[in-house]
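Source file: upload_30.pdb; contents: PDB, C-alpha atoms, pLDDT in the B column.
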MODEL        1
ATOM      1  CA  MET A   3     -22.533 -98.218  29.853  1.00 62.00           C
ATOM      2  CA  LYS A   4     -19.734 -96.030  28.537  1.00 88.00           C
ATOM      3  CA  GLU A   5     -17.495 -97.715  25.972  1.00 86.00           C
ATOM      4  CA  ASN A   6     -14.305 -97.305  27.989  1.00 87.00           C
ATOM      5  CA  LEU A   7     -15.994 -99.003  30.987  1.00 93.00           C
ATOM      6  CA  ILE A   8     -17.047-101.931  28.788  1.00 93.00           C
ATOM      7  CA  VAL A   9     -13.517-102.255  27.424  1.00 93.00           C
ATOM      8  CA  ALA A  10     -12.117-101.931  30.961  1.00 95.00           C
ATOM      9  CA  LYS A  11     -14.327-104.749  32.249  1.00 93.00           C
ATOM     10  CA  ASN A  12     -13.503-106.990  29.311  1.00 92.00           C
ATOM     11  CA  ILE A  13      -9.736-106.538  29.370  1.00 94.00           C
ATOM     12  CA  LYS A  14      -9.769-107.346  33.071  1.00 94.00           C
ATOM     13  CA  LEU A  15     -11.875-110.471  32.479  1.00 90.00           C
ATOM     14  CA  MET A  16      -9.561-111.570  29.665  1.00 89.00           C
ATOM     15  CA  ARG A  17      -6.425-110.935  31.722  1.00 91.00           C
ATOM     16  CA  GLU A  18      -7.791-112.888  34.666  1.00 89.00           C
ATOM     17  CA  ALA A  19      -8.948-115.752  32.430  1.00 86.00           C
ATOM     18  CA  ALA A  20      -5.442-115.948  30.963  1.00 86.00           C
ATOM     19  CA  ASN A  21      -4.019-115.905  34.511  1.00 86.00           C
ATOM     20  CA  PHE A  22      -1.795-112.892  33.783  1.00 90.00           C
ATOM     21  CA  THR A  23      -0.909-110.186  36.286  1.00 93.00           C
ATOM     22  CA  GLN A  24      -1.334-106.520  35.467  1.00 96.00           C
ATOM     23  CA  GLU A  25       2.452-106.228  35.687  1.00 95.00           C
ATOM     24  CA  LYS A  26       2.993-108.942  33.046  1.00 93.00           C
ATOM     25  CA  VAL A  27       0.452-107.439  30.664  1.00 95.00           C
ATOM     26  CA  ALA A  28       1.895-103.957  31.156  1.00 96.00           C
ATOM     27  CA  ASP A  29       5.405-105.282  30.421  1.00 94.00           C
ATOM     28  CA  PHE A  30       4.070-106.944  27.272  1.00 93.00           C
ATOM     29  CA  LEU A  31       2.464-103.672  26.183  1.00 96.00           C
ATOM     30  CA  GLY A  32       5.582-101.671  27.036  1.00 95.00           C
ATOM     31  CA  ILE A  33       3.825 -99.454  29.579  1.00 97.00           C
ATOM     32  CA  LYS A  34       3.836 -99.026  33.356  1.00 97.00           C
ATOM     33  CA  ARG A  35       1.549-101.167  35.502  1.00 97.00           C
ATOM     34  CA  SER A  36      -0.157 -98.048  36.848  1.00 97.00           C
ATOM     35  CA  ALA A  37      -1.058 -96.951  33.305  1.00 97.00           C
ATOM     36  CA  TYR A  38      -2.477-100.394  32.551  1.00 98.00           C
ATOM     37  CA  ALA A  39      -4.444-100.349  35.815  1.00 97.00           C
ATOM     38  CA  ASN A  40      -6.084 -97.107  34.649  1.00 97.00           C
ATOM     39  CA  TYR A  41      -7.255 -98.881  31.491  1.00 97.00           C
ATOM     40  CA  GLU A  42      -8.762-101.721  33.547  1.00 96.00           C
ATOM     41  CA  THR A  43     -10.662 -99.323  35.795  1.00 96.00           C
ATOM     42  CA  GLY A  44     -11.865 -97.236  32.864  1.00 94.00           C
ATOM     43  CA  ASP A  45     -10.145 -94.126  34.207  1.00 95.00           C
ATOM     44  CA  ARG A  46      -8.292 -93.830  30.885  1.00 94.00           C
ATOM     45  CA  GLU A  47      -9.364 -94.882  27.407  1.00 94.00           C
ATOM     46  CA  LEU A  48      -7.349 -97.763  25.975  1.00 95.00           C
ATOM     47  CA  PRO A  49      -5.573 -96.617  22.780  1.00 95.00           C
ATOM     48  CA  LEU A  50      -6.305 -98.627  19.645  1.00 93.00           C
ATOM     49  CA  SER A  51      -2.658 -99.660  19.262  1.00 95.00           C
ATOM     50  CA  LEU A  52      -2.683-101.271  22.725  1.00 96.00           C
ATOM     51  CA  MET A  53      -6.110-102.779  22.138  1.00 94.00           C
ATOM     52  CA  GLU A  54      -4.782-104.511  19.015  1.00 93.00           C
ATOM     53  CA  LYS A  55      -1.796-105.883  20.942  1.00 93.00           C
ATOM     54  CA  LEU A  56      -4.133-107.213  23.652  1.00 93.00           C
ATOM     55  CA  ALA A  57      -6.393-108.758  21.022  1.00 89.00           C
ATOM     56  CA  ASP A  58      -3.377-110.614  19.641  1.00 87.00           C
ATOM     57  CA  LEU A  59      -2.326-111.713  23.124  1.00 88.00           C
ATOM     58  CA  TYR A  60      -5.781-113.070  23.916  1.00 86.00           C
ATOM     59  CA  GLY A  61      -6.400-114.453  20.439  1.00 82.00           C
ATOM     60  CA  CYS A  62      -9.528-112.470  19.702  1.00 82.00           C
ATOM     61  CA  ASP A  63     -10.702-109.665  17.464  1.00 82.00           C
ATOM     62  CA  ALA A  64     -10.337-106.222  19.017  1.00 87.00           C
ATOM     63  CA  ILE A  65     -14.076-105.630  18.507  1.00 87.00           C
ATOM     64  CA  LEU A  66     -14.736-108.313  21.128  1.00 84.00           C
ATOM     65  CA  MET A  67     -13.453-105.887  23.745  1.00 87.00           C
ATOM     66  CA  TYR A  68     -16.574-103.796  23.132  1.00 89.00           C
ATOM     67  CA  ALA A  69     -18.933-106.739  23.716  1.00 86.00           C
ATOM     68  CA  GLU A  70     -21.443-106.106  26.468  1.00 85.00           C
ATOM     69  CA  ASP A  71     -22.437-109.734  27.008  1.00 77.00           C
ATOM     70  CA  SER A  72     -21.109-111.678  29.970  1.00 66.00           C
ATOM     71  CA  ASN A  73     -19.675-114.410  27.749  1.00 69.00           C
ATOM     72  CA  VAL A  74     -16.776-112.338  26.435  1.00 65.00           C
ATOM     73  CA  VAL A  75     -14.158-114.689  27.871  1.00 65.00           C
ATOM     74  CA  GLU A  76     -15.902-117.726  26.376  1.00 67.00           C
ATOM     75  CA  ASN A  77     -15.671-116.056  22.970  1.00 60.00           C
ATOM     76  CA  MET A  78     -11.906-115.651  23.240  1.00 62.00           C
ATOM     77  CA  LEU A  79      -9.836-117.989  21.135  1.00 48.00           C
ATOM     78  CA  THR A  80      -7.797-120.155  23.494  1.00 49.00           C
ATOM     79  CA  THR A  81      -4.767-122.291  23.036  1.00 46.00           C
ATOM     80  CA  ALA A  82      -4.390-125.764  24.457  1.00 38.00           C
ATOM     81  CA  PHE A  83      -1.772-124.797  26.990  1.00 48.00           C
ATOM     82  CA  ARG A  84      -1.340-122.728  30.135  1.00 56.00           C
ATOM     83  CA  VAL A  85       2.045-121.369  31.115  1.00 59.00           C
ATOM     84  CA  ASP A  86       3.149-119.607  34.282  1.00 64.00           C
ATOM     85  CA  ASN A  87       5.969-117.114  34.730  1.00 72.00           C
ATOM     86  CA  LEU A  88       5.949-115.776  31.191  1.00 74.00           C
ATOM     87  CA  THR A  89       8.322-112.976  30.359  1.00 79.00           C
ATOM     88  CA  ALA A  90       7.307-110.067  28.145  1.00 76.00           C
ATOM     89  CA  ALA A  91       9.270-111.725  25.316  1.00 82.00           C
ATOM     90  CA  ASP A  92       7.374-114.978  25.882  1.00 79.00           C
ATOM     91  CA  MET A  93       4.108-113.080  25.737  1.00 78.00           C
ATOM     92  CA  VAL A  94       5.137-111.541  22.415  1.00 82.00           C
ATOM     93  CA  GLN A  95       5.603-115.068  21.044  1.00 82.00           C
ATOM     94  CA  VAL A  96       2.243-116.218  22.466  1.00 79.00           C
ATOM     95  CA  ALA A  97       0.540-113.196  20.896  1.00 79.00           C
ATOM     96  CA  ALA A  98       2.186-113.892  17.534  1.00 83.00           C
ATOM     97  CA  PHE A  99       1.024-117.505  17.655  1.00 80.00           C
ATOM     98  CA  LYS A 100      -2.544-116.554  18.591  1.00 79.00           C
ATOM     99  CA  LYS A 101      -2.607-113.955  15.825  1.00 81.00           C
ATOM    100  CA  VAL A 102      -1.703-116.658  13.291  1.00 81.00           C
ATOM    101  CA  VAL A 103      -4.444-118.925  14.668  1.00 76.00           C
ATOM    102  CA  LYS A 104      -6.980-116.086  14.629  1.00 76.00           C
ATOM    103  CA  ASN A 105      -6.123-115.156  11.049  1.00 75.00           C
ATOM    104  CA  SER A 106      -6.258-118.788   9.939  1.00 77.00           C
ATOM    105  CA  LEU A 107      -9.720-119.231  11.431  1.00 74.00           C
ATOM    106  CA  MET A 108     -10.867-116.012   9.788  1.00 75.00           C
ATOM    107  CA  LEU A 109      -9.606-117.203   6.390  1.00 80.00           C
ATOM    108  CA  ASP A 110     -11.313-120.572   6.856  1.00 76.00           C
ATOM    109  CA  SER A 111     -14.544-118.758   7.645  1.00 76.00           C
ATOM    110  CA  MET A 112     -14.235-116.573   4.564  1.00 80.00           C
ATOM    111  CA  LEU A 113     -13.538-119.560   2.329  1.00 81.00           C
ATOM    112  CA  GLU A 114     -16.639-121.356   3.601  1.00 81.00           C
ATOM    113  CA  GLN A 115     -18.883-118.498   2.490  1.00 77.00           C
TER     114      GLN A 115
ENDMDL
END
Let me see the structure of the file written as structure tokens.
Amino acid sequence: MKENLIVAKNIKLMREAANFTQEKVADFLGIKRSAYANYETGDRELPLSLMEKLADLYGCDAILMYAEDSNVVENMLTTAFRVDNLTAADMVQVAAFKKVVKNSLMLDSMLEQ
């Protein structure tokens, strides 16, 4: 499967698992919903800068978006809360929090080695 189709499938799975709309994710990324929809269908390749922002939002490493296994959503780091009606500013705060958690877990893993 082409890489952009794998990424497209995974970002859609992650968005749906987080219960976000395409509109909310596009607002968070600072792009139009139609542009984001093209990334989810694989019609356009997701730029690295947007991939990194999505990885922060979903609390995972960007490399996970290239995973071909069906358990990609299970491998996402999740927080212990679900929130509806998030604004783009709220999503920025959620992404910042998940980035801190992700980095903390990575440091813990490195220290254990």
- Query: Given the file above and the PyMOL selection byres ((chain A and resi 93-103) around 8), which residues are selected, and can you give them as a PyMOL selection string?
  - Reply: chain A and resi 30+55+58-61+79+81+88-92+104-107
Pairwise distance, CA of Leu31 (chain A) with CA of Glu54 (chain A), equals 10.2 Å
Q) For the atom pair CA of Met112 (chain A) and CA of Leu50 (chain A), what is the interatomic distance in Å to one decimal place? A)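 These two atoms are separated by 24.7 Å.
Counting all atoms listed in the file, the residue from A:Asp71, A:Ile33, A:Glu25, A:Glu5 that sits nearest to Leu52 (chain A) is A:Ile33.
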Expressed in Å, the length from CA of Lys4 (chain A) to CA of Glu42 (chain A) is 13.3 Å
- Item | Selection result for the PyMOL selection byres ((chain A and resi 24) around 9) on this file, as number ranges by chain | A: 14, 17, 22-23, 25-29, 35-36, 38-39
Identify the residues within 12 Å of coordinate (-13.5, -107.6, 23.5) (same frame as the file), considering all atoms listed in the file, and give the answer as a CSV table (one decimal) with C-alpha atoms, keeping the file's coordinate frame.
chain,number,residue,atom,x,y,z
A,5,GLU,CA,-17.5,-97.7,26.0
A,6,ASN,CA,-14.3,-97.3,28.0
A,7,LEU,CA,-16.0,-99.0,31.0
A,8,ILE,CA,-17.0,-101.9,28.8
A,9,VAL,CA,-13.5,-102.3,27.4
A,10,ALA,CA,-12.1,-101.9,31.0
A,11,LYS,CA,-14.3,-104.7,32.2
A,12,ASN,CA,-13.5,-107.0,29.3
A,13,ILE,CA,-9.7,-106.5,29.4
A,14,LYS,CA,-9.8,-107.3,33.1
A,15,LEU,CA,-11.9,-110.5,32.5
A,16,MET,CA,-9.6,-111.6,29.7
A,17,ARG,CA,-6.4,-110.9,31.7
A,48,LEU,CA,-7.3,-97.8,26.0
A,53,MET,CA,-6.1,-102.8,22.1
A,54,GLU,CA,-4.8,-104.5,19.0
A,56,LEU,CA,-4.1,-107.2,23.7
A,57,ALA,CA,-6.4,-108.8,21.0
A,58,ASP,CA,-3.4,-110.6,19.6
A,59,LEU,CA,-2.3,-111.7,23.1
A,60,TYR,CA,-5.8,-113.1,23.9
A,61,GLY,CA,-6.4,-114.5,20.4
A,62,CYS,CA,-9.5,-112.5,19.7
A,63,ASP,CA,-10.7,-109.7,17.5
A,64,ALA,CA,-10.3,-106.2,19.0
A,65,ILE,CA,-14.1,-105.6,18.5
A,66,LEU,CA,-14.7,-108.3,21.1
A,67,MET,CA,-13.5,-105.9,23.7
A,68,TYR,CA,-16.6,-103.8,23.1
A,69,ALA,CA,-18.9,-106.7,23.7
A,70,GLU,CA,-21.4,-106.1,26.5
A,71,ASP,CA,-22.4,-109.7,27.0
A,72,SER,CA,-21.1,-111.7,30.0
A,73,ASN,CA,-19.7,-114.4,27.7
A,74,VAL,CA,-16.8,-112.3,26.4
A,75,VAL,CA,-14.2,-114.7,27.9
A,76,GLU,CA,-15.9,-117.7,26.4
A,77,ASN,CA,-15.7,-116.1,23.0
A,78,MET,CA,-11.9,-115.7,23.2
A,79,LEU,CA,-9.8,-118.0,21.1
What box, with edges along x, y and z, holds each listed atom of region 88-99 of chain A when 6 Å is added on every side, and can you state its centre and edge lengths in Å to one decimal, as JSON?
{"center_x": 4.9, "center_y": -113.8, "center_z": 24.4, "size_x": 20.7, "size_y": 19.4, "size_z": 25.7}
